[in-house]
Amino acid sequence: MPNEWDLSILYSGFDDPALKSDLNELDSLIADAKKLAADAETFPHRDLIRAYLALSEKLSLLSSKLYEFASLRFSTNTGDSEAASLTGLLMSKLSDTAASDAKLHGLIAGFPDLDELIDTEFSEFAYLLRSIRRDSRYLLDDAREELFARMNISGASAWEDLQSSLTSSVKAKYRGEDIPLSAVRNLAYDPDPAVRKDAFEAELACYAPIREAVAFSLNSIKLQTITECGIRGYDSPLDKALKNSRMKRETLDALISAMEEYLPKFWKYLRAKAKALGHEDGLPWYDLFAPMGKSDRTFTIDEAKETLISFFTPFDADLAAMIRRAFEENWIDFWPREGKVGGAFDAGIPTACQSRVLTNFSGSFSDVITLAHELGHAFHDQQVFSHSILNQDYTMPVAETASTFNEVIANNAARAMAETKEEKINLLESELMDACQIICDIYSRYLFETSVFEHRPEEFMNADRLCELMLDAQKKAYGDGLDPDCLHPYMWLCKGHYYSGGLSFYNFPYAFGGLFARGLYAKYKAEGQAFVPLYKKLLHATSVNDVEDAALIAGIDLTDKAFWEAGLASIAEEIDELCALLA
């Protein structure tokens with residue numbers, strides 16, 4: 001089975017004649033968009049909306065195909081100059097549509113008969129058109145929209161690329177050998193405590209030559225975000241993140257409040273793990289991901305495939321079949337290598353109704369869970385591909401729902417098959433380790449990013465200052481569960497989630513998705529197979545509803561703190577179970 005993904009569904013390479021043809025077609029569509037905007041006032045309202053939707057659909061399909069090819073090529077080789085050049089070229093071309101989009105959106109938002117037109121002819125695009133009207137208050141005039149789009153190419157997007165390039169190319173000196181950052185970070189899961197500690201020290205040391213450059217990146221991106229939010233009329237970057245997420249502040253407040261209430265329970269888990277590993281003053285960071293119990297097994301790619309199919313077949317045959325396709329049709333790029341970005345992600349490809357998944361697979365059970373997570377995103381993609389491409393985008397909070405739901409299924413299936421106490425400890429602790437990440441670590445990231453936005457208007461934060469803010473956030477989030485003398489001051493540097501001018505606070509969605517998934521899983525256990533069509537309906541609805549309305553499909557009120565507490569209570573029960581097993 002090939003270890004790298006197949007991108008031929010997009011193009012055979014940068015010399016593919018189809019790519020050149022599509023670039024020419026893109027130019028033609030951009031010219032059509034400009035002409036439509038220039039002539040917009042001469043169109044009857046109905047005809048303008050019809051023309052706008054048809055042209056936008058063509059532009060979105062073509063631009064996504066081109067951009068995904070460049071982006072996916074770059075993610076596996078950040079030294080690929082052709083991929084970087086194509087990305088820059090596409091950004092430059094598409095920035096030409098900013099002014100025309102702004103004008104068309106402004107006109108459509110002002111139509112007094114918009115609701116009537118939606119009801120009589122454009123019901124399929126009701127959410128999109130009403131969102132255009134809702135968001136119109138944050139639009140600028142045509143010239144400034146175009147200026148922002150063009151400046152972003154050499155602004156936030158360039159700083160984002162710098163962080164990605166530096167962290168993917170930097171080498172860690174591990175036991176005399178130079179290895180990629182993603183590889184040394186993977187050693188945090190090694191069963192040998194000496195390996196974990198040496199890898200952690202090698203990781204921290206490797207940041208020294210790039211830390212100030214990445215600090216410049218973060219400062220520049222956050223200042224641009226603050227400036228743009230002020231000009232557009234958002235109350236803050238968090239206000240913009242919530243509006244872009246189609247999520248109420250009441251929902252976030254209920255979520256965060258519930259998390260804060262349950263933090264001591266997670267500290268209890270961390271102290272129990274520390275004690276079991278021989279630490280008296282809390283868990284040192286290098287043992288945060290230490291495996292526990294007995295788990296000598298590693299997985300080949302074929303074994304990972306068969307394991308995942310066995311986990312998900314009882315839930316839904318469609319999901320299991322998609323997982324098989326993903327492995328057998330080369331949707332996945334598995335192994336870490338030089339130049340490849342760290343972490344994992346899923347990218348939907350609407351033109352092919354497929355996805356591509358990047359991981360840095362090393363064969364551990366944790367890597368199998370990562371595959372389950374990313375293939376959950378791919379399953380979510382499958383549910384929205386039946387929409388027009390204009391209706392396929394779902395927001396940050398619900399983006400982590402299907403992925404985390406998959407994790408819950410996989411972890412529960414594995415635990416049900418556990419035959420010994422040591423195996424049960426291993427699986428239960430692995431699940432709690434991940435739960436600790438979406439609660440404690442995500443809370444620390446939320447606190448850190450909040451702090452950066454608070455300080456940036458008056459202060460340039462160098463690397464030392466950013467490390468200080470990160471340590472403060474970790475101490476609040478992890479409490480006495482971690483050794484205060486062995487935290488990770490550079491988590492701001494290695495996490496790409498902070499480095500986007502258009503996407504702030506990509507942290508709380510993980511907690512949202514994790515706890516929302518647990519609530520959905522509880523419904524599945526109570527309702528059985530009758531829940532599965534409802535689950536698919538909910539996923540299908542996430543791209544055409546606010547998050548609260550999508551949740552109501554499953555009878556869930558997201559502004560009710562009690563809902564989030566119920567999910568946390570289920571984790572607390574598992575913490576008590578693990579502590580009893582360890583004792």
# chains A, B, ... in the order shown; residues from 1 in each chain; ligands from 1

call {"tool": "residues_around", "arguments": {"residues": "Leu147 of chain A", "least_positions_apart": "4", "cutoff": "9 Å", "atoms": "only C-alpha atoms", "output": "number ranges by chain"}}
result
A: 95, 98-99, 142-143, 151-152

call {"tool": "select_by_dssp", "arguments": {"residues": "segment 148-316 of chain A", "states": "helix (DSSP H, G or I)", "output": "PyMOL selection string"}}
result
chain A and resi 148-154+156-169+181-189+193-206+211-232+237-244+249-276+285-287+301-312

call {"tool": "closest_atom_pairs", "arguments": {"of": "segment 335-450 of chain A", "to": "segment 533-551 of chain A", "cutoff": "10 Å", "atoms": "only C-alpha atoms", "output": "tab-separated table"}}
result
residue	atom	partner	partner_atom	distance
A:Phe379	CA	A:Leu539	CA	9.1
A:His380	CA	A:Leu539	CA	6.2
A:Asp381	CA	A:Leu539	CA	8.8
A:Gln382	CA	A:His540	CA	8.7
A:Gln383	CA	A:His540	CA	5.0
A:Val384	CA	A:His540	CA	5.1
A:Phe385	CA	A:His540	CA	8.6
A:Ser386	CA	A:His540	CA	8.4
A:His387	CA	A:His540	CA	8.3
A:Leu390	CA	A:Ser543	CA	9.4
A:Asn391	CA	A:Ser543	CA	6.0
A:Gln392	CA	A:Ser543	CA	5.5
A:Asp393	CA	A:Ser543	CA	5.3
A:Tyr394	CA	A:Ser543	CA	4.2
A:Thr395	CA	A:Ser543	CA	7.2
A:Met396	CA	A:Val547	CA	9.6
A:Pro397	CA	A:Val547	CA	7.6
A:Val398	CA	A:Val547	CA	6.8
A:Ala399	CA	A:Thr542	CA	8.6
A:Thr401	CA	A:Leu539	CA	8.5
A:Ala402	CA	A:Leu539	CA	7.6

call {"tool": "atom_distance", "arguments": {"atom1": "atom CA of Leu59 of chain A", "atom2": "atom CA of Lys243 of chain A"}}
result
24.6 Å

call {"tool": "residues_around", "arguments": {"residues": "Leu568 of chain A", "least_positions_apart": "3", "cutoff": "8 Å", "atoms": "only C-alpha atoms", "output": "number ranges by chain"}}
result
A: 258-259, 262, 515, 564-565, 571-572

call {"tool": "write_last_selection", "arguments": {"atoms": "C-alpha atoms", "output": "mmCIF file, in the first residue's frame"}}
result
data_model
loop_
_atom_site.group_PDB
_atom_site.id
_atom_site.type_symbol
_atom_site.label_atom_id
_atom_site.label_comp_id
_atom_site.auth_asym_id
_atom_site.auth_seq_id
_atom_site.Cartn_x
_atom_site.Cartn_y
_atom_site.Cartn_z
ATOM 1 C CA ALA A 258 -18.076 24.162 32.765
ATOM 2 C CA MET A 259 -14.446 23.466 31.829
ATOM 3 C CA TYR A 262 -13.972 20.502 36.201
ATOM 4 C CA LEU A 515 -17.758 17.482 24.673
ATOM 5 C CA TRP A 564 -21.375 20.616 28.892
ATOM 6 C CA GLU A 565 -21.191 19.467 32.520
ATOM 7 C CA ILE A 571 -14.820 12.024 31.684
ATOM 8 C CA ALA A 572 -14.665 12.479 35.467
#

call {"tool": "residues_around", "arguments": {"residues": "segment 362-366 of chain A", "least_positions_apart": "4", "cutoff": "9 Å", "atoms": "only C-alpha atoms", "output": "MDAnalysis selection string"}}
result
chainID A and resid 183 186 189:190 295 297:301 304 334:336 370:371 427 430

call {"tool": "residues_around", "arguments": {"residues": "Asp27 of chain A", "least_positions_apart": "5", "cutoff": "10 Å", "atoms": "only C-alpha atoms", "output": "PyMOL selection string"}}
result
chain A and resi 22+32-33+59+93-94+96

call {"tool": "write_last_selection", "arguments": {"atoms": "N, CA, C and O atoms", "output": "PDB file, in the first residue's frame"}}
result
ATOM      1  N   ASP A  22      -6.805  25.536 -16.510  1.00  0.00           N
ATOM      2  CA  ASP A  22      -7.663  25.990 -15.416  1.00  0.00           C
ATOM      3  C   ASP A  22      -7.257  27.377 -14.915  1.00  0.00           C
ATOM      4  O   ASP A  22      -8.110  28.168 -14.495  1.00  0.00           O
ATOM      5  N   ASP A  32     -15.230  37.900 -15.432  1.00  0.00           N
ATOM      6  CA  ASP A  32     -16.695  37.876 -15.423  1.00  0.00           C
ATOM      7  C   ASP A  32     -17.247  38.437 -14.113  1.00  0.00           C
ATOM      8  O   ASP A  32     -18.271  39.144 -14.112  1.00  0.00           O
ATOM      9  N   ALA A  33     -16.568  38.124 -13.001  1.00  0.00           N
ATOM     10  CA  ALA A  33     -17.017  38.633 -11.702  1.00  0.00           C
ATOM     11  C   ALA A  33     -16.908  40.152 -11.640  1.00  0.00           C
ATOM     12  O   ALA A  33     -17.800  40.837 -11.119  1.00  0.00           O
ATOM     13  N   LEU A  59     -16.465  29.725  -9.729  1.00  0.00           N
ATOM     14  CA  LEU A  59     -15.213  30.235  -9.164  1.00  0.00           C
ATOM     15  C   LEU A  59     -14.754  29.411  -7.968  1.00  0.00           C
ATOM     16  O   LEU A  59     -13.565  29.096  -7.834  1.00  0.00           O
ATOM     17  N   LYS A  93      -4.369  36.425  -7.723  1.00  0.00           N
ATOM     18  CA  LYS A  93      -5.495  36.440  -8.656  1.00  0.00           C
ATOM     19  C   LYS A  93      -6.822  36.609  -7.912  1.00  0.00           C
ATOM     20  O   LYS A  93      -7.668  37.426  -8.296  1.00  0.00           O
ATOM     21  N   LEU A  94      -7.000  35.831  -6.844  1.00  0.00           N
ATOM     22  CA  LEU A  94      -8.276  35.857  -6.137  1.00  0.00           C
ATOM     23  C   LEU A  94      -8.484  37.141  -5.354  1.00  0.00           C
ATOM     24  O   LEU A  94      -9.627  37.513  -5.063  1.00  0.00           O
ATOM     25  N   ASP A  96      -8.194  39.852  -6.594  1.00  0.00           N
ATOM     26  CA  ASP A  96      -8.886  40.710  -7.557  1.00  0.00           C
ATOM     27  C   ASP A  96     -10.398  40.612  -7.436  1.00  0.00           C
ATOM     28  O   ASP A  96     -11.126  41.447  -7.984  1.00  0.00           O
TER      29      ASP A  96
END

call {"tool": "residues_around", "arguments": {"residues": "Gln474 of chain A", "least_positions_apart": "3", "cutoff": "10 Å", "atoms": "only C-alpha atoms", "output": "ChimeraX atom specification"}}
result
/A:440-445,447-448,468-471,477-479,482,484,487-489,491

call {"tool": "write_last_selection", "arguments": {"atoms": "N, CA and C atoms", "output": "CSV table (one decimal), in the first residue's frame"}}
result
chain,number,residue,atom,x,y,z
A,440,CYS,N,-7.6,20.8,29.4
A,440,CYS,CA,-6.5,21.6,30.0
A,440,CYS,C,-5.7,22.3,28.9
A,441,ASP,N,-5.2,21.6,27.9
A,441,ASP,CA,-4.3,22.2,26.9
A,441,ASP,C,-5.1,23.3,26.1
A,442,ILE,N,-6.3,22.9,25.7
A,442,ILE,CA,-7.1,23.9,25.0
A,442,ILE,C,-7.4,25.1,25.8
A,443,TYR,N,-7.7,24.9,27.1
A,443,TYR,CA,-7.9,26.1,28.0
A,443,TYR,C,-6.7,26.9,28.1
A,444,SER,N,-5.5,26.3,28.1
A,444,SER,CA,-4.3,27.1,28.2
A,444,SER,C,-4.0,27.9,26.9
A,445,ARG,N,-4.4,27.3,25.8
A,445,ARG,CA,-4.3,28.0,24.5
A,445,ARG,C,-5.2,29.1,24.4
A,447,LEU,N,-6.4,30.8,27.0
A,447,LEU,CA,-5.9,31.9,27.9
A,447,LEU,C,-4.7,32.6,27.2
A,448,PHE,N,-3.8,31.8,26.6
A,448,PHE,CA,-2.6,32.4,26.0
A,448,PHE,C,-3.0,33.4,24.9
A,468,GLU,N,6.8,33.5,28.6
A,468,GLU,CA,6.3,33.9,29.9
A,468,GLU,C,4.8,33.8,29.9
A,469,LEU,N,4.1,34.3,28.9
A,469,LEU,CA,2.7,34.3,28.8
A,469,LEU,C,2.2,32.8,28.7
A,470,MET,N,2.9,32.0,27.9
A,470,MET,CA,2.5,30.6,27.8
A,470,MET,C,2.6,29.9,29.1
A,471,LEU,N,3.7,30.1,29.8
A,471,LEU,CA,3.9,29.4,31.1
A,471,LEU,C,2.8,29.8,32.1
A,477,ALA,N,-4.1,26.5,33.7
A,477,ALA,CA,-4.9,25.4,33.1
A,477,ALA,C,-4.6,24.0,33.7
A,478,TYR,N,-3.3,23.8,34.1
A,478,TYR,CA,-2.9,22.5,34.6
A,478,TYR,C,-2.8,22.4,36.1
A,479,GLY,N,-2.8,23.6,36.7
A,479,GLY,CA,-2.8,23.6,38.2
A,479,GLY,C,-1.6,22.9,38.8
A,482,LEU,N,0.7,19.4,36.9
A,482,LEU,CA,2.0,19.3,36.3
A,482,LEU,C,3.1,19.9,37.2
A,484,PRO,N,5.7,22.3,38.1
A,484,PRO,CA,5.8,23.7,37.6
A,484,PRO,C,7.2,24.0,37.1
A,487,LEU,N,7.5,22.7,32.4
A,487,LEU,CA,6.4,23.0,31.5
A,487,LEU,C,7.0,23.1,30.1
A,488,HIS,N,6.1,23.6,29.2
A,488,HIS,CA,6.6,23.7,27.8
A,488,HIS,C,6.4,25.2,27.3
A,489,PRO,N,7.4,26.0,27.5
A,489,PRO,CA,7.3,27.4,27.2
A,489,PRO,C,7.1,27.7,25.7
A,491,MET,N,5.1,26.2,23.4
A,491,MET,CA,3.9,25.7,22.7
A,491,MET,C,3.3,26.8,21.8

call {"tool": "closest_residue", "arguments": {"among": "A:Ala530, A:Ala463, A:Leu252, A:Ala109", "to": "Ser217 of chain A", "atoms": "only C-alpha atoms"}}
result
A:Ala463

call {"tool": "residues_around", "arguments": {"residues": "Ser236 of chain A", "least_positions_apart": "5", "cutoff": "10 Å", "atoms": "only C-alpha atoms", "output": "ChimeraX atom specification"}}
result
/A:225-230,241-242,453-454

call {"tool": "select_by_dssp", "arguments": {"residues": "segment 194-370 of chain A", "states": "strand (DSSP E or B)", "output": "PyMOL selection string"}}
result
chain A and resi 283+332-333+345-349+354-358

call {"tool": "write_last_selection", "arguments": {"atoms": "N, CA, C and O atoms", "output": "tab-separated table (two decimals), in the first residue's frame"}}
result
chain	number	residue	atom	x	y	z
A	283	LEU	N	3.33	16.02	37.24
A	283	LEU	CA	3.83	15.36	36.04
A	283	LEU	C	4.71	16.31	35.24
A	283	LEU	O	4.29	17.41	34.88
A	332	ILE	N	-4.39	9.08	1.96
A	332	ILE	CA	-3.64	9.39	3.17
A	332	ILE	C	-2.14	9.46	2.90
A	332	ILE	O	-1.58	8.60	2.22
A	333	ASP	N	-1.49	10.49	3.46
A	333	ASP	CA	-0.03	10.60	3.46
A	333	ASP	C	0.43	10.29	4.88
A	333	ASP	O	0.14	11.05	5.81
A	345	PHE	N	-4.05	16.63	9.47
A	345	PHE	CA	-5.23	17.39	9.05
A	345	PHE	C	-5.97	16.62	7.97
A	345	PHE	O	-5.46	15.66	7.37
A	346	ASP	N	-7.20	17.05	7.73
A	346	ASP	CA	-8.02	16.56	6.62
A	346	ASP	C	-8.33	17.72	5.70
A	346	ASP	O	-8.58	18.84	6.15
A	347	ALA	N	-8.31	17.48	4.40
A	347	ALA	CA	-8.69	18.49	3.41
A	347	ALA	C	-9.73	17.89	2.48
A	347	ALA	O	-9.46	16.90	1.79
A	348	GLY	N	-10.92	18.46	2.47
A	348	GLY	CA	-11.95	18.02	1.56
A	348	GLY	C	-11.69	18.52	0.14
A	348	GLY	O	-11.21	19.64	-0.05
A	349	ILE	N	-12.00	17.69	-0.84
A	349	ILE	CA	-11.81	18.06	-2.25
A	349	ILE	C	-13.17	17.96	-2.94
A	349	ILE	O	-13.57	16.89	-3.41
A	354	GLN	N	-13.98	13.67	-2.53
A	354	GLN	CA	-13.05	12.88	-1.72
A	354	GLN	C	-12.36	13.81	-0.72
A	354	GLN	O	-12.58	15.02	-0.72
A	355	SER	N	-11.51	13.21	0.11
A	355	SER	CA	-10.69	13.99	1.04
A	355	SER	C	-9.26	13.51	0.93
A	355	SER	O	-8.98	12.44	0.39
A	356	ARG	N	-8.35	14.32	1.47
A	356	ARG	CA	-6.96	13.90	1.64
A	356	ARG	C	-6.57	14.16	3.09
A	356	ARG	O	-6.91	15.21	3.65
A	357	VAL	N	-5.89	13.17	3.67
A	357	VAL	CA	-5.55	13.20	5.09
A	357	VAL	C	-4.03	13.15	5.25
A	357	VAL	O	-3.37	12.28	4.67
A	358	LEU	N	-3.49	14.08	6.01
A	358	LEU	CA	-2.06	14.07	6.35
A	358	LEU	C	-1.91	13.65	7.80
A	358	LEU	O	-2.61	14.16	8.68
